Amino acid sequence: IVRVWKTASNQLFDIRHVVVKQAKVMSLAWHPQREGLLGFGTDEGRVGWVDVLSQKMFVTYSDYQHRGGVYCTCWAPGRRCSETEDNGQDNAKEDFLLYTVGDGKFVQHNTKSNKHEEITSRPNFNTSEKKPNISQAVFKQIGDQSYFLLGCEDGSIEFRCLADMKLVLTLKGFTKLIQFLAFHPDILNDGSDARYKNWLAACSNETTIHAWDLNNVFTNSQDEARILVTPTVKLEGHFLRVIELSWNCFLDGRLLSISYDSSAQVWDLETATPLHNFQGHNKRLMCCMWHPGDADLAISGGEDYYLAIWRPSSQTQTRPVERKRIKRGKQQVVHEVETVVAEASASEMSFDDLLKKHKEDQFKKKINGDRESPSPSPSNNPKIDQARERETLTAKRDRKVVSKTFLPVFSKKEFENVESCGEDCVKIVEYLKKSKGAEDLDELSEQMKKMSFNGDEGQAADADIDEHLSLFCASDKFDSLLDKECQAVTDNARSTLTLWRGNFLEVLQSAESQGCLTDSLVAKSAGISQVLWRRYAAAYAQQLAKEGDYIRASEYYVATHMVHEAIEVLHKNNLCLQAIVLAKSRLPQNDPMFKQLYSSLALQSWHSGNLRLAAKSWAAAGNPAKAASALAKIDTKSSLRAAVKLAVDPSEVKMYAQLCFTRCVIDSDFETGLDLTASLASGDMNWGSLLLIIMREMQSLLSKDKAEPSEPLFKLISNKVKELNVELKDDMVDPIEQFLKSTVISSPLKMRCVKASCLLAMALLHANKNPQLCLDKVALCLADFHKYPEELEKVCGALLPQGSQPQEAGQALLDKPLDWQCSWQQLRSIQCSEAVAILHSKTSNWTEDLMQDVADAIMLEDVLLVQKLEQEISEGEKALATFKVESKDENKGCNGVSNDAQTNGCVDEEVGEVKKSSDGASGQQLDLTPSLLGTQTVSIGSDGNWATNDGAAAGQMPPAAAGIENLPPPPKQTPSFYMRFLEGKTDTVEAEKELQKLRWVLSKHPVDVPYPDLTSCCQTLLGVVLQHQLGNITAEEEEEGKKINFSKKLARFGYYKGVRTYQSFFLQHS
């Protein structure tokens, strides 16, 4: 039964039922366009679809049926399966089809023509010898391309183009079966773009969750399929396998997961931390989802047969808690309880009472013998009663059962003829007298003369003897008695009687035909002949094999010297390891059976997850390629290194080498990595040698407390490369760039080191042919350390020991000096990075010249304009996103600042001063506010003083400040974007026009290289100037008003040219 819940209904249980015969539904999928069309898969392998909104709800089934349960269904566009009209024209067109996954196969179903296609059977689908077993399938549209994501049994995730199923990308983060794949929604419920668009979350039979950022993966077209091994984010916390995932469509990066550990967990992807954990289930969970209409409502269900609807914000737990299984108490524990109680009661008795009780117990045992003792009276303790009951059952089971008599017919006659015992004795004596033989030959000859050849006399003598008395005399009726006895006794007794009579072969033949041979019968057959024993020992081995006792069957085969049969019975029944032991003991080493045994053991170990044993078995079977595949799944440096040596296919060698190289980089194992790259004969990994050399130098550099001046880093690296005979080629840039994009390391310091090493490696490769691109990579490298001044100082000191002036920088980075007038943006960015390092260095020796050099590096008007525009655009976008139209009374807040401005986060501490004039008056005044786009009425002159560019405004300048001639007071701070364009407005038309203008201006000032926050750098430099009292002028110059201190000049530059949020600081020192 499928239940369709109406979540928008006011009723608690507004449900529609869809009856799906007697099968259990395992997977469901809604049609993405047609409302109400539901596809499903059952545990019997059936695939169907039904319109749940129709009145009849007629269920339609596909002609294709999986061999096992259908554990994944999804809808996706695709070709219709061979729809051809009568005229022979192909009528296929793109439509949404139903796709299912079951028994490792991926099948397409057309809901209109009821035709199907097994996609995994296409010739171009399988790119390797082993056909992948599919466990999950998800459709995703990325840009203009449509992809299918296929989770496999071996833990890999394949990206295939929808049109031709060509493999374009493989994610190898797991080693066990993929359970679920989920893409973050592209658009949230409020209509905004999601920050985690194109992020994939995946879970498997392992306890971790992997999240992959795929935004930059498909930017460039690649001829060969790419492989990513390191996820962007790894979430750890569950104790058992994770089954399903669900993204919140209201909140960015909020992920819900369920696990076999009976808990549901909410994660924050941005911080990779667990937020809320639900412990309301007591069995394994199987499904989960977020409520479609409430951001704080989650739904989970499991094997406890109910759906739990819960609020994550109300949960007290933040992560799963391991639950220990409560084991039931064993019998010994209960016996201990009973013993303690018995000892306690016995300790209360006197010695005479104990002695009396002991004698009574002994007397009862003597009287009752083997008879059952009467059941004890029930006690008040139920545990003691249960223990007594178990003891009674155990005693009955362990009691030695007296076997039944071999002669039941004889015993019955004896019991019936108890009173005729005397008559029977007389008959026996008379019969013995008649049949007594002669004592000598003469008497014997006389009797033979008198002997009659009429058989009636002998029969008459036997007629006087009853059949049961033939046991005591030589009567012919004894055989008849034994025949009746054999029919009345059990099989074991019958075999014993038959053996005594000398007809044991009949018993063996009968037992063989009925399949009831026993160890005893086979052992007794040896008394007849050795040939007969070997025959029935082999027959007994066949019987044991059919009964499932394969070890004993092999023992009997070996005992009869049928070694191959013994090995075969173990081999066929998945006892490969035991079969190998037997074969190694009995067969020669060159026997062809060994290869088959090792191959079977490898497959068995592979499916059970014992990859180490599988790899060794494949190697012993003479299949190094499969051994390499198993070693690669183990995913350790040593196993990947061995996989590189064993792999046969060059593409696999390259793939395993890259995986091993990535492990060496993550673990900083440079020796193993260099040995790996040097061992590849093709030279495809020479770029790895270069990268490892640079990374080793970078790690050594960053680990030092203080950078020691030496030769430039590029020269040092070039010498190391020559020592190792590594040939540098231009085509190394692409694999290094690809490695940088596909590698993610959890340690921030190590990730910075890896990224810097990759950028420096590319810079070194471009140094000779493209110097500008070389400087671009160096600038990118230094930009990563802007937030880490100590590391930036070390890197700058190693790259540029003589400074960043054009000639010195060119000599250190390009091995040739640049022109001293070189003004490349890349070089300016490098000089800015060096200035940041000097500003934050504790060892900088500040002088007037150093101050001027740093000021020249960071006081870049064009770059400051771009940063100012970017900040203004960002502030405007945030203000527009949270803008709400309110009445004037509601919009008025404290200090004349709107409530909207406060709630939108667009007002900082200096905003409260915006409404006030410079002299404290609140009347009308000239608006001298700096603007980004309008005509400037006031600007800063070359001497650092305020100046006017407008003659009309010159006559309206405020009076000069006292003591300084022709110097007007500084203009007021720039209000926030909200206050200028949104406050008091009923629409956002003016604000949007302003943003369009700002974006247009920004597009006309491209800056292709990264720069630090130059406004912040000016602020830091101003603090250094004030601290060290640099840039001061004489008193005469200050009185004349021709010059001002450098601190005021820098403050006015930062106020006018810098970002708005720093204006209050610069205003204090202007």
# chains A, B, ... in the order shown; residues from 1 in each chain; ligands from 1
call {"tool": "residues_around", "arguments": {"residues": "segment 512-522 of chain A", "least_positions_apart": "2", "cutoff": "12 Å", "atoms": "only C-alpha atoms", "output": "VMD selection string"}}
result
chain A and resid 491 to 496 498 to 499 504 to 510 524 to 547 552 to 553 555 to 556 559 to 560
call {"tool": "closest_atom_pairs", "arguments": {"of": "segment 758-841 of chain A", "to": "segment 710-720 of chain A", "cutoff": "7 Å", "atoms": "only C-alpha atoms", "output": "CSV"}}
result
residue,atom,partner,partner_atom,distance
A:Ala798,CA,A:Leu713,CA,5.4
A:Leu799,CA,A:Leu713,CA,5.1
A:Leu800,CA,A:Pro712,CA,6.4
A:Pro801,CA,A:Pro712,CA,6.3
A:Ala812,CA,A:Pro712,CA,5.6
A:Leu813,CA,A:Phe714,CA,6.3
call {"tool": "residues_around", "arguments": {"residues": "Glu834 of chain A", "least_positions_apart": "6", "cutoff": "9 Å", "atoms": "only C-alpha atoms", "output": "JSON, numbers by chain"}}
result
{"A": [782, 792, 793, 796, 797, 800, 803, 804, 854, 857]}
call {"tool": "residues_around", "arguments": {"residues": "segment 236-240 of chain A", "least_positions_apart": "6", "cutoff": "12 Å", "atoms": "only C-alpha atoms", "output": "short mmCIF file (atom, residue, chain, number, x, y, z; two decimals) with N, CA and C atoms, in the first residue's frame"}}
result
data_model
loop_
_atom_site.label_atom_id
_atom_site.label_comp_id
_atom_site.auth_asym_id
_atom_site.auth_seq_id
_atom_site.Cartn_x
_atom_site.Cartn_y
_atom_site.Cartn_z
N CYS A 203 26.11 9.33 0.62
CA CYS A 203 26.35 8.45 1.76
C CYS A 203 26.42 7.02 1.27
N SER A 204 27.03 6.16 2.08
CA SER A 204 27.25 4.77 1.68
C SER A 204 27.09 3.88 2.90
N ASN A 205 27.56 2.64 2.76
CA ASN A 205 27.54 1.72 3.89
C ASN A 205 28.57 2.07 4.94
N GLU A 206 29.29 3.15 4.73
CA GLU A 206 30.21 3.65 5.74
C GLU A 206 29.48 4.67 6.63
N THR A 207 30.17 5.16 7.64
CA THR A 207 29.52 6.02 8.64
C THR A 207 29.67 7.50 8.33
N THR A 208 30.41 7.87 7.29
CA THR A 208 30.64 9.28 6.99
C THR A 208 29.76 9.74 5.83
N ILE A 209 29.61 11.06 5.71
CA ILE A 209 28.87 11.69 4.62
C ILE A 209 29.85 12.59 3.87
N HIS A 210 29.83 12.50 2.55
CA HIS A 210 30.72 13.31 1.72
C HIS A 210 29.91 14.35 0.96
N ALA A 211 30.43 15.58 0.91
CA ALA A 211 29.82 16.65 0.13
C ALA A 211 30.85 17.16 -0.87
N SER A 257 20.24 13.76 7.75
CA SER A 257 20.70 12.39 7.48
C SER A 257 20.11 11.44 8.49
N ILE A 258 19.92 10.18 8.07
CA ILE A 258 19.46 9.12 8.97
C ILE A 258 20.41 7.95 8.87
N SER A 259 20.42 7.13 9.92
CA SER A 259 21.41 6.05 9.99
C SER A 259 20.81 4.84 10.67
N TYR A 260 21.53 3.73 10.54
CA TYR A 260 21.14 2.52 11.26
C TYR A 260 21.36 2.65 12.77
N ASP A 261 22.01 3.73 13.22
CA ASP A 261 22.18 3.91 14.67
C ASP A 261 20.95 4.50 15.34
N SER A 262 19.80 4.49 14.62
CA SER A 262 18.48 4.89 15.16
C SER A 262 18.37 6.38 15.43
N SER A 263 19.18 7.20 14.79
CA SER A 263 19.12 8.64 15.02
C SER A 263 19.05 9.37 13.70
N ALA A 264 18.41 10.57 13.74
CA ALA A 264 18.36 11.49 12.61
C ALA A 264 19.18 12.72 12.97
N GLN A 265 20.05 13.16 12.04
CA GLN A 265 21.01 14.22 12.36
C GLN A 265 20.86 15.37 11.37
N VAL A 266 20.90 16.61 11.88
CA VAL A 266 20.90 17.81 11.06
C VAL A 266 22.31 18.40 11.09
N TRP A 267 22.85 18.71 9.90
CA TRP A 267 24.22 19.21 9.76
C TRP A 267 24.22 20.62 9.18
N ASP A 268 25.23 21.39 9.54
CA ASP A 268 25.50 22.69 8.92
C ASP A 268 26.71 22.53 8.01
N LEU A 269 26.48 22.62 6.70
CA LEU A 269 27.56 22.35 5.75
C LEU A 269 28.63 23.43 5.79
N ALA A 272 30.58 22.47 8.75
CA ALA A 272 30.82 21.01 8.83
C ALA A 272 30.65 20.49 10.25
N THR A 273 29.62 20.99 10.93
CA THR A 273 29.38 20.59 12.32
C THR A 273 27.96 20.07 12.47
N PRO A 274 27.73 19.15 13.41
CA PRO A 274 26.36 18.69 13.70
C PRO A 274 25.61 19.73 14.52
N LEU A 275 24.33 19.93 14.19
CA LEU A 275 23.52 20.93 14.88
C LEU A 275 22.49 20.31 15.81
N HIS A 276 21.66 19.39 15.29
CA HIS A 276 20.57 18.82 16.07
C HIS A 276 20.51 17.32 15.79
N ASN A 277 20.17 16.55 16.83
CA ASN A 277 20.05 15.09 16.69
C ASN A 277 18.74 14.64 17.32
N ARG A 284 16.32 0.78 13.44
CA ARG A 284 17.03 1.36 12.31
C ARG A 284 16.11 2.26 11.48
N LEU A 285 16.66 3.40 11.02
CA LEU A 285 15.89 4.34 10.21
C LEU A 285 16.08 4.03 8.73
N THR A 318 23.03 17.28 20.14
CA THR A 318 23.64 17.87 18.94
C THR A 318 24.26 16.83 18.02
N ARG A 319 24.55 15.65 18.50
CA ARG A 319 25.16 14.61 17.67
C ARG A 319 24.67 13.24 18.14
N PRO A 320 24.82 12.20 17.30
CA PRO A 320 24.35 10.86 17.69
C PRO A 320 25.07 10.33 18.93
N VAL A 321 24.35 9.52 19.68
CA VAL A 321 24.89 8.88 20.87
C VAL A 321 24.88 7.38 20.63
N GLU A 322 26.01 6.74 20.87
CA GLU A 322 26.12 5.31 20.64
C GLU A 322 25.26 4.55 21.64
N ARG A 323 24.42 3.65 21.11
CA ARG A 323 23.54 2.87 21.95
C ARG A 323 24.08 1.45 22.07
N LYS A 324 24.31 1.02 23.30
CA LYS A 324 24.82 -0.34 23.51
C LYS A 324 23.65 -1.31 23.60
#
call {"tool": "residues_around", "arguments": {"residues": "Ile873 of chain A", "least_positions_apart": "5", "cutoff": "8 Å", "atoms": "only C-alpha atoms", "output": "ChimeraX atom specification"}}
result
/A:995,998-999
call {"tool": "write_last_selection", "arguments": {"atoms": "all heavy atoms", "output": "CSV table (one decimal), in the first residue's frame"}}
result
chain,number,residue,atom,x,y,z
A,995,LEU,N,22.5,50.9,-8.7
A,995,LEU,CA,23.3,49.6,-8.8
A,995,LEU,C,23.7,49.3,-10.2
A,995,LEU,O,24.8,48.9,-10.5
A,995,LEU,CB,22.5,48.5,-8.2
A,995,LEU,CG,22.5,48.3,-6.7
A,995,LEU,CD1,21.6,47.2,-6.2
A,995,LEU,CD2,23.9,48.2,-6.1
A,998,LEU,N,26.6,51.5,-11.0
A,998,LEU,CA,27.8,51.1,-10.3
A,998,LEU,C,28.4,49.9,-11.0
A,998,LEU,O,29.6,49.8,-11.2
A,998,LEU,CB,27.5,50.8,-8.9
A,998,LEU,CG,27.1,51.9,-8.0
A,998,LEU,CD1,26.7,51.4,-6.6
A,998,LEU,CD2,28.3,52.9,-7.8
A,999,ARG,N,27.6,48.9,-11.4
A,999,ARG,CA,28.1,47.8,-12.1
A,999,ARG,C,28.7,48.1,-13.5
A,999,ARG,O,29.7,47.6,-13.9
A,999,ARG,CB,26.9,46.7,-12.3
A,999,ARG,CG,26.4,46.2,-11.0
A,999,ARG,CD,25.4,45.0,-11.3
A,999,ARG,NE,24.8,44.5,-10.1
A,999,ARG,CZ,23.6,44.7,-9.7
A,999,ARG,NH1,22.8,45.5,-10.5
A,999,ARG,NH2,23.1,44.2,-8.6
call {"tool": "residues_around", "arguments": {"residues": "segment 725-728 of chain A", "least_positions_apart": "3", "cutoff": "7 Å", "atoms": "only C-alpha atoms", "output": "list in words"}}
result
Asn686, Val721 and Lys722 of chain A
call {"tool": "residues_around", "arguments": {"residues": "Glu671 of chain A", "least_positions_apart": "6", "cutoff": "10 Å", "atoms": "only C-alpha atoms", "output": "VMD selection string"}}
result
chain A and resid 664 692 to 693 696
call {"tool": "closest_residue", "arguments": {"among": "A:His291, A:Lys413, A:Lys654, A:Lys842", "to": "Thr677 of chain A", "atoms": "only C-alpha atoms"}}
result
A:Lys654
call {"tool": "atom_distance", "arguments": {"atom1": "atom CA of Leu570 of chain A", "atom2": "atom CA of Leu597 of chain A"}}
result
10.0 Å
